[in-house]
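The file input_30.txt contains compact mmCIF, C-alpha atoms:
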# COMPACT_ATOMS: atom_id res chain seq x y z
CA MET L 341 -17.55 -19.11 -55.21
CA GLN L 342 -16.85 -22.58 -53.89
CA LYS L 343 -13.80 -21.21 -52.02
CA PHE L 344 -16.11 -18.69 -50.33
CA PHE L 345 -18.44 -21.43 -49.05
CA VAL L 346 -15.53 -23.55 -47.85
CA LEU L 347 -14.04 -20.53 -46.07
CA ALA L 348 -17.42 -19.54 -44.58
CA SER L 349 -18.00 -23.11 -43.40
CA LEU L 350 -14.56 -23.21 -41.82
CA ILE L 351 -15.10 -19.89 -40.03
CA PHE L 352 -18.53 -21.08 -38.80
CA SER L 353 -17.01 -24.32 -37.46
CA LEU L 354 -14.17 -22.52 -35.71
CA THR L 355 -16.59 -20.03 -34.16
CA ASN L 356 -18.73 -22.86 -32.78
CA ILE L 357 -15.68 -24.62 -31.38
CA ALA L 358 -14.43 -21.42 -29.73
CA SER L 359 -17.83 -20.59 -28.23
CA ALA L 360 -18.22 -24.08 -26.78
CA ALA L 361 -15.66 -23.48 -24.04
CA PRO L 362 -14.60 -26.69 -22.38
CA ASP L 363 -15.34 -27.21 -18.71
CA SER L 364 -12.29 -25.85 -16.94
CA GLY L 365 -12.60 -28.48 -14.27
CA THR L 366 -12.16 -28.23 -10.55
CA LEU L 367 -9.41 -28.53 -7.97
CA GLU L 368 -10.26 -32.22 -7.54
CA GLN L 369 -8.83 -33.02 -10.99
CA PHE L 370 -5.27 -32.48 -9.74
CA SER L 371 -2.80 -34.51 -7.76
CA LEU L 372 0.55 -33.40 -6.44
CA PRO L 373 3.64 -35.14 -5.16
CA SER L 374 3.27 -35.17 -1.37
CA ILE L 375 5.94 -33.85 0.99
CA ASP L 376 5.38 -37.12 2.88
CA GLY L 377 6.09 -39.18 -0.24
CA GLY L 378 3.55 -40.63 -2.61
CA THR L 379 0.72 -38.63 -4.10
CA LEU L 380 -1.47 -35.92 -2.62
CA ASP L 381 -4.79 -36.42 -4.41
CA LEU L 382 -6.71 -33.14 -4.26
CA ALA L 383 -10.01 -35.01 -4.73
CA GLN L 384 -9.85 -35.59 -0.97
CA PHE L 385 -10.70 -31.88 -0.56
CA LYS L 386 -13.97 -32.14 -2.49
CA GLY L 387 -16.62 -30.03 -0.76
CA LYS L 388 -14.03 -28.07 1.23
CA THR L 389 -12.79 -24.51 0.99
CA VAL L 390 -9.06 -24.58 0.22
CA LEU L 391 -6.37 -21.92 0.56
CA ILE L 392 -3.40 -22.79 -1.67
CA VAL L 393 -0.14 -21.03 -0.75
CA ASN L 394 3.24 -21.24 -2.47
CA THR L 395 5.74 -21.27 0.37
CA ALA L 396 9.48 -20.91 0.96
CA SER L 397 11.62 -21.45 4.05
CA GLN L 398 14.15 -18.64 3.52
CA CYS L 399 11.87 -15.75 2.60
CA GLY L 400 10.97 -12.55 4.38
CA PHE L 401 7.37 -13.77 4.28
CA THR L 402 8.21 -17.15 5.89
CA PRO L 403 6.76 -16.01 9.27
CA GLN L 404 3.36 -16.21 7.54
CA TYR L 405 3.54 -19.95 8.28
CA ASP L 406 2.37 -19.06 11.82
CA GLY L 407 -0.75 -17.34 10.50
CA LEU L 408 -1.46 -20.12 8.01
CA GLN L 409 -1.27 -22.71 10.77
CA SER L 410 -3.63 -20.57 12.89
CA LEU L 411 -6.14 -20.35 10.02
CA TRP L 412 -5.94 -24.11 9.58
CA GLU L 413 -6.53 -24.75 13.27
CA GLU L 414 -9.38 -22.24 13.51
CA TYR L 415 -11.36 -23.23 10.41
CA GLN L 416 -10.55 -26.87 9.63
CA GLY L 417 -13.59 -28.01 11.64
CA ARG L 418 -15.72 -25.96 9.24
CA GLY L 419 -14.46 -27.64 6.07
CA PHE L 420 -11.35 -25.51 5.46
CA VAL L 421 -7.93 -26.68 4.31
CA VAL L 422 -4.62 -24.85 3.98
CA LEU L 423 -2.47 -26.47 1.28
CA GLY L 424 1.20 -25.48 1.32
CA ILE L 425 3.16 -25.81 -1.91
CA PRO L 426 6.88 -25.20 -1.46
CA SER L 427 8.57 -23.56 -4.44
CA ASN L 428 12.10 -22.45 -5.24
CA ASP L 429 10.97 -20.13 -8.05
CA PHE L 430 11.64 -16.83 -6.29
CA GLY L 431 15.13 -15.93 -5.15
CA THR L 432 16.00 -19.63 -4.67
CA GLN L 433 14.50 -19.30 -1.19
CA GLU L 434 13.44 -22.95 -0.95
CA PRO L 435 16.64 -24.84 -1.80
CA GLY L 436 16.13 -27.82 0.53
CA SER L 437 14.85 -31.32 -0.10
CA LYS L 438 11.31 -32.28 0.84
CA ASP L 439 12.61 -33.83 4.07
CA GLU L 440 14.46 -30.63 4.96
CA ILE L 441 11.39 -28.51 4.17
CA LYS L 442 9.14 -30.76 6.23
CA GLU L 443 11.53 -30.67 9.20
CA PHE L 444 11.88 -26.87 8.96
CA CYS L 445 8.10 -26.40 8.94
CA SER L 446 7.58 -28.83 11.81
CA VAL L 447 10.37 -27.58 14.07
CA ASN L 448 9.91 -23.84 13.48
CA PHE L 449 6.14 -23.51 12.94
CA ASP L 450 4.55 -26.78 14.08
CA ILE L 451 2.90 -27.10 10.66
CA ASP L 452 0.49 -29.98 10.27
CA PHE L 453 -1.62 -28.83 7.31
CA PRO L 454 -1.14 -30.75 4.03
CA MET L 455 1.88 -29.87 1.92
CA SER L 456 3.16 -30.97 -1.44
CA ASP L 457 6.73 -31.59 -2.46
CA LYS L 458 8.48 -28.63 -4.11
CA LEU L 459 6.83 -27.50 -7.36
CA VAL L 460 7.34 -24.93 -10.10
CA VAL L 461 4.55 -22.35 -9.74
CA LYS L 462 5.28 -19.74 -12.43
CA GLY L 463 5.83 -19.53 -16.14
CA ASP L 464 5.34 -22.08 -18.87
CA GLY L 465 6.90 -24.82 -16.74
CA ALA L 466 4.46 -24.30 -13.87
CA HIS L 467 2.70 -27.34 -12.46
CA PRO L 468 -0.71 -27.85 -14.18
CA LEU L 469 -2.44 -26.72 -10.96
CA TYR L 470 -0.84 -23.29 -11.27
CA GLN L 471 -1.50 -23.16 -15.01
CA TRP L 472 -5.17 -23.83 -14.22
CA LEU L 473 -5.24 -21.14 -11.51
CA ARG L 474 -3.77 -18.61 -13.95
CA ALA L 475 -6.26 -19.60 -16.66
CA GLU L 476 -9.19 -19.32 -14.24
CA LEU L 477 -8.18 -16.13 -12.43
CA GLY L 478 -6.30 -14.32 -15.21
CA LYS L 479 -2.69 -13.79 -16.16
CA GLY L 480 -2.20 -11.24 -13.35
CA SER L 481 -2.88 -13.95 -10.78
CA GLN L 482 0.38 -15.79 -11.48
CA PRO L 483 2.46 -15.66 -8.30
CA LYS L 484 5.01 -12.88 -8.33
CA TRP L 485 6.73 -14.03 -5.14
CA ASN L 486 6.45 -16.56 -2.34
CA PHE L 487 3.30 -16.78 -0.20
CA TYR L 488 0.75 -15.95 -2.90
CA LYS L 489 -2.61 -17.27 -1.74
CA TYR L 490 -5.44 -18.75 -3.83
CA LEU L 491 -8.90 -19.33 -2.39
CA ILE L 492 -10.87 -22.25 -3.83
CA ASN L 493 -14.55 -22.62 -2.94
CA ALA L 494 -16.31 -25.82 -1.89
CA GLU L 495 -17.29 -26.47 -5.53
CA GLY L 496 -13.58 -26.69 -6.35
CA LYS L 497 -13.48 -23.40 -8.28
CA PRO L 498 -10.98 -20.57 -7.74
CA VAL L 499 -12.61 -17.53 -6.14
CA THR L 500 -9.77 -15.03 -5.76
CA TYR L 501 -6.11 -14.63 -4.97
CA PHE L 502 -4.03 -12.56 -2.57
CA SER L 503 -0.48 -11.30 -2.91
CA SER L 504 2.39 -12.07 -0.58
CA MET L 505 1.69 -8.79 1.19
CA THR L 506 -1.68 -10.07 2.43
CA LYS L 507 -1.03 -11.64 5.81
CA PRO L 508 -3.01 -14.73 6.82
CA ASN L 509 -4.64 -12.81 9.69
CA SER L 510 -5.75 -9.91 7.48
CA SER L 511 -9.45 -9.11 7.72
CA ARG L 512 -9.72 -9.16 3.91
CA LEU L 513 -8.47 -12.75 3.68
CA ARG L 514 -10.44 -13.94 6.70
CA LYS L 515 -13.68 -12.42 5.32
CA ALA L 516 -13.12 -14.16 1.99
CA ILE L 517 -12.53 -17.49 3.73
CA GLU L 518 -15.60 -17.11 5.95
CA ALA L 519 -17.78 -16.14 2.97
CA ASN L 520 -16.81 -19.40 1.26
CA LEU L 521 -17.09 -21.84 4.16
CA VAL L 522 -19.87 -24.37 3.85
CA ASN L 523 -20.31 -25.04 7.58
Do you think you could lay out the structure here as structure tokens?
Amino acid sequence: MQKFFVLASLIFSLTNIASAAPDSGTLEQFSLPSIDGGTLDLAQFKGKTVLIVNTASQCGFTPQYDGLQSLWEEYQGRGFVVLGIPSNDFGTQEPGSKDEIKEFCSVNFDIDFPMSDKLVVKGDGAHPLYQWLRAELGKGSQPKWNFYKYLINAEGKPVTYFSSMTKPNSSRLRKAIEANLVN
């Protein structure tokens, strides 16, 4: 009988622990290595709507840089940020160093939105930011190729994601951005 009470007490404790889900945090809890060197502290984006995009310089979707830069230019005055995160996870399509990536983006697309250094964005070795995105938006949200897009609201919480096939100028993406702008 004593074993039953011990077992019941253990089950009750585990149930209470499981039901008291920890706060999953916000975007501001993360920092990334910056493409410019040093650290890119995402707390600087507090109160802003952020579009996170895993990028690559040698991908069929690379021309999306133009659309991402256009979104950045159009909406940054309304509290919007595009955050580019180069990754070599898909088809080794981002083999360069951070200096090479930065030069490619500047020369070919005149990119001036914030970018991190190259990160792992998929699997168990993914940067904690991408592990958090997957935990918040579900396993299916893990990027399956370059130029996956994640929309974070002004409270720092993930809202939705878009596949590589969704172009930056798509009405679906633009409507989601506009619905989450504060200004």
Residues within 7 Å of stretch 443-458 of chain L, all atoms listed in the file, excluding chain neighbours under 3 positions, as a ChimeraX atom specification: /L:372-375,380,405-406,409,412,422-427,438-440
Go through L:Lys489, L:Lys497, L:Lys442, L:Arg512 one by one, measure the shortest atom-to-atom distance of each to L:Glu476 using all atoms listed in the file, and give the residue with the smallest value. L:Lys497
Find the residue from L:Val390, L:Gly480, L:Gly407, L:Thr379 that sits nearest to L:Thr366; use only C-alpha atoms when measuring. L:Val390
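Closest approach to L:Ala494 among L:Asn394, L:Ser437, L:Ser371, L:Thr389 is made by L:Thr389 (distances from all atoms listed in the file).
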From atom CA of L:Phe385 to atom CA of L:Leu408 the spacing works out at 17.2 Å
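Ranking L:Gly419, L:Lys479, L:Lys507, L:Val393 by their shortest atom-to-atom distance to L:Leu459, with only C-alpha atoms included, puts L:Val393 first.
Ranking L:Thr506, L:Thr402, L:Ser481, L:Asn493 by their shortest atom-to-atom distance to L:Val421, with all atoms listed in the file included, puts L:Asn493 first.
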Using all atoms listed in the file, the shortest atom-to-atom distance to L:Lys515 among L:Gly377, L:Leu491, L:Asp429, L:Trp472 belongs to L:Leu491
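Taking all atoms listed in the file into account, the residues near (-20.5, -21.9, 5.1), no farther than 10 Å, are Lys388, Thr389, Arg418, Gly419, Phe420, Ala494, Ile517, Glu518, Ala519, Asn520, Leu521, Val522 and Asn523 of chain L.
Taking atom CA of L:Gln404 and atom CA of L:Lys484 as the two end points, the separation is 16.3 Å.
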Using the atoms already present, construct N, CA and C atoms for stretch 464-482 of chain L and hand them back as an mmCIF file, in the frame of the given file.
data_model
loop_
_atom_site.group_PDB
_atom_site.id
_atom_site.type_symbol
_atom_site.label_atom_id
_atom_site.label_comp_id
_atom_site.auth_asym_id
_atom_site.auth_seq_id
_atom_site.Cartn_x
_atom_site.Cartn_y
_atom_site.Cartn_z
ATOM 1 N N ASP L 464 5.820 -20.990 -18.031
ATOM 2 C CA ASP L 464 5.340 -22.080 -18.870
ATOM 3 C C ASP L 464 5.590 -23.455 -18.255
ATOM 4 N N GLY L 465 6.589 -23.546 -17.380
ATOM 5 C CA GLY L 465 6.900 -24.820 -16.740
ATOM 6 C C GLY L 465 6.158 -25.054 -15.442
ATOM 7 N N ALA L 466 5.214 -24.170 -15.128
ATOM 8 C CA ALA L 466 4.460 -24.300 -13.870
ATOM 9 C C ALA L 466 3.672 -25.603 -13.856
ATOM 10 N N HIS L 467 3.521 -26.140 -12.645
ATOM 11 C CA HIS L 467 2.700 -27.340 -12.460
ATOM 12 C C HIS L 467 1.310 -27.058 -13.051
ATOM 13 N N PRO L 468 0.630 -28.056 -13.612
ATOM 14 C CA PRO L 468 -0.710 -27.850 -14.180
ATOM 15 C C PRO L 468 -1.695 -27.176 -13.220
ATOM 16 N N LEU L 469 -1.570 -27.407 -11.927
ATOM 17 C CA LEU L 469 -2.440 -26.720 -10.960
ATOM 18 C C LEU L 469 -2.292 -25.219 -11.086
ATOM 19 N N TYR L 470 -1.073 -24.729 -11.167
ATOM 20 C CA TYR L 470 -0.840 -23.290 -11.270
ATOM 21 C C TYR L 470 -1.185 -22.755 -12.655
ATOM 22 N N GLN L 471 -1.045 -23.571 -13.681
ATOM 23 C CA GLN L 471 -1.500 -23.160 -15.010
ATOM 24 C C GLN L 471 -3.019 -22.983 -15.005
ATOM 25 N N TRP L 472 -3.712 -23.901 -14.337
ATOM 26 C CA TRP L 472 -5.170 -23.830 -14.220
ATOM 27 C C TRP L 472 -5.588 -22.582 -13.426
ATOM 28 N N LEU L 473 -4.913 -22.329 -12.302
ATOM 29 C CA LEU L 473 -5.240 -21.140 -11.510
ATOM 30 C C LEU L 473 -5.087 -19.866 -12.341
ATOM 31 N N ARG L 474 -3.997 -19.782 -13.102
ATOM 32 C CA ARG L 474 -3.770 -18.610 -13.950
ATOM 33 C C ARG L 474 -4.843 -18.501 -15.030
ATOM 34 N N ALA L 475 -5.221 -19.622 -15.624
ATOM 35 C CA ALA L 475 -6.260 -19.600 -16.660
ATOM 36 C C ALA L 475 -7.608 -19.175 -16.075
ATOM 37 N N GLU L 476 -7.909 -19.631 -14.877
ATOM 38 C CA GLU L 476 -9.190 -19.320 -14.240
ATOM 39 C C GLU L 476 -9.256 -17.892 -13.692
ATOM 40 N N LEU L 477 -8.166 -17.423 -13.109
ATOM 41 C CA LEU L 477 -8.180 -16.130 -12.430
ATOM 42 C C LEU L 477 -7.522 -15.003 -13.230
ATOM 43 N N GLY L 478 -6.931 -15.332 -14.363
ATOM 44 C CA GLY L 478 -6.300 -14.320 -15.210
ATOM 45 C C GLY L 478 -4.793 -14.302 -15.057
ATOM 46 N N LYS L 479 -4.148 -13.806 -16.100
ATOM 47 C CA LYS L 479 -2.690 -13.790 -16.160
ATOM 48 C C LYS L 479 -2.073 -13.066 -14.957
ATOM 49 N N GLY L 480 -2.714 -12.009 -14.482
ATOM 50 C CA GLY L 480 -2.200 -11.240 -13.350
ATOM 51 C C GLY L 480 -2.167 -12.012 -12.052
ATOM 52 N N SER L 481 -2.832 -13.161 -12.017
ATOM 53 C CA SER L 481 -2.880 -13.950 -10.780
ATOM 54 C C SER L 481 -1.648 -14.829 -10.590
ATOM 55 N N GLN L 482 -0.818 -14.957 -11.621
ATOM 56 C CA GLN L 482 0.380 -15.790 -11.480
ATOM 57 C C GLN L 482 1.206 -15.262 -10.308
#
